[in-house]
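Below is one structure, written out as structure tokens, with a few remarks after it.
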Amino acid sequence: MTNQSSSTRSVVAAHGDAIRIVPLHVPDVTPTVDAARAAPAVAPQLSYRNGPLLTAVEVFTIFWGAAWQQSANAALLAHVNQFFDFILTSPLIDQLSEYSVPGKTIGHGRHTGTLTLTAPAPKHSTTDSAIQHMLQHEIATNPALPQPTPNTLYFVYLPPGVKVVQGGSASCQAFCGYHNDISGQIFYAAMPYPGCSGCTGGLTAADALTSTSSHELCEAITDAIPGQGWYDDNNGEIGDICAWKTKKVGAFTVQLEWSNKANQCV
């Protein structure tokens with residue numbers, strides 16, 4: 001789901017809609033496979049709002065904080081990078097082709113690189129504004145970061161024990177991640193560590209992180225500037241409608257995404 005702030009706009013006013021985020025998992029609602037694929041009572045219908053699509057997404061992962069160098073966390077870092085190496089040319093991306101529009105054909109992407117950023121780094125909490133400032137600073141000064149293109153998507157992963165605060169809410173209290181844009185030019189996703197039951201949903205930390213990452217990946221591809229791509233005024237983005245409904249693609253856990261064509265989560 002989306003957070004709709006930017007460096008120059010208020011959270012609510014960014015796209016004229018309320019904040020949308022990956023919600024906490026509700027533990028007593030565990031759908032069966034058939035229920036997970038079933039359409040909601042009132043079927044959503046995404047419509048295209050003429051905004052940018054990431055037609056050949058270029059994902060760059062940033063692991064922010066020295067804690068990612070610790071052995072326990074390094075294994076998770078490697079798992080996330082392996083996930084992107086695989087998933088960007090997988091059937092998950094193929095199923096997004098139905099959201100292509102004339103002149104903008106959604107196809108496979110690529111994982112362009114990774115960086116562990118140890119300094120400066122947040123200690124206990126950070127904000128969306130601080131994440132944006134870090135990205136803009138590193139893009140301007142750090143040659144290890146690729147310059148933004150119309151297809152670049154930066155994934156920022158926070159280490160255990162660091163919460164993200166945005167819009168008056170905090171990760172593991174109200175949300176588990178979001179994607180956003182900076183002035184319509186820089187596209188990114190903020191991914192707090194799933195350090196609570198509400199952000200693991202009964203999954204391992206590794207599976208929870210690939211599930212929420214796939215949620216934000218598919219939303220950023222189809223709605224890079226929140227609310228200006230493929231969007232439903234009542235239900236939000238492609239991943240919002242199917243939150244916490246998962247499947248396996250290869251060896252990785254991903255979230256189901258809404259299909260207009262199939263009229264269900266697939």
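FYI, nothing fancy with the structure tokens labels: chains A, B, ... in order, residues from 1 per chain, ligands from 1 as they appear.
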
Problem set entry | Neighbour list for Asn234 in chain A as an NGL selection string, cut-off 10 Å, only C-alpha atoms, skip fewer than 6 positions in-chain | :A and (44-46 or 241)

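In this comparison, which uses only C-alpha atoms, the residue of A:Asp207, A:Glu257, A:Phe155, A:Ala251 approaching Gly236 in chain A most closely is A:Glu257.
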
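Nearest to Lys163 in chain A of all the residues A:Thr222, A:Thr55, A:Ser71, A:Thr127 is A:Thr127, counting only C-alpha atoms.
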
Problem set entry | Neighbour list for Ala205 in chain A as a list in words, cut-off 10 Å, only C-alpha atoms, skip fewer than 5 positions in-chain | Leu76, Tyr193, Pro194, Gly195, Cys196, Ser197, Cys199, Thr200, Thr210 and Ser211 of chain A

Convert the current residue selection to file output with C-alpha atoms, as a CSV table (one decimal), in the first residue's frame.
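The result, stored in out.csv:
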```csv
chain,number,residue,atom,x,y,z
A,76,LEU,CA,18.3,-12.2,5.7
A,193,TYR,CA,12.1,-5.2,9.8
A,194,PRO,CA,9.1,-7.4,10.6
A,195,GLY,CA,9.7,-7.5,14.3
A,196,CYS,CA,6.1,-8.1,15.5
A,197,SER,CA,3.4,-10.6,14.9
A,199,CYS,CA,4.1,-7.8,10.4
A,200,THR,CA,5.0,-11.5,10.2
A,210,THR,CA,9.5,-11.1,0.7
A,211,SER,CA,5.7,-11.0,0.9
```

Exercise. Quick one: of A:Pro120, A:Pro102, A:Pro192, A:Gly167, who's nearest to Ala208 in chain A, counting only C-alpha atoms?
Worked result: A:Pro192

For this session: Write out as number ranges by chain which residues come within 10 Å of Tyr99 in chain A when counting only C-alpha atoms, dropping same-chain ones fewer than 5 positions away.
Result: A: 46-48, 53, 55, 104-106, 221-222, 229-230, 259-261

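Comparing the minimum interatomic distances between Leu256 in chain A and each of A:Pro91, A:Ala224, A:Phe86, A:His111, counting only C-alpha atoms, we find that A:Pro91 sits nearest.
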
Exercise. Range 44-232 of chain A: which residues are alpha helix (DSSP H) by DSSP, as JSON, numbers by chain?
Worked result: {"A": [71, 72, 73, 74, 75, 76, 77, 78, 79, 80, 81, 82, 83, 84, 85, 86, 87, 91, 92, 93, 94, 128, 129, 130, 131, 132, 133, 134, 135, 136, 137, 138, 139, 140, 141, 205, 206, 207, 208, 209, 210, 211, 212, 213, 214, 215, 216, 217, 218, 219, 220, 221, 222]}

Problem set entry | Nearby residues (only C-alpha atoms) at most 10 Å from Leu158 in chain A, same-chain spacing under 2 positions excluded, as a PyMOL selection string | chain A and resi 62-65+67-68+121-123+125-126+155-156+160-164+190-194

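Once Arg49 in chain A and its same-chain neighbours fewer than 6 positions away are set aside, Asp223, Gly227, Gln228, Gly229, Trp230, Tyr231 and Asp232 of chain A remain within 10 Å of it when counting only C-alpha atoms.
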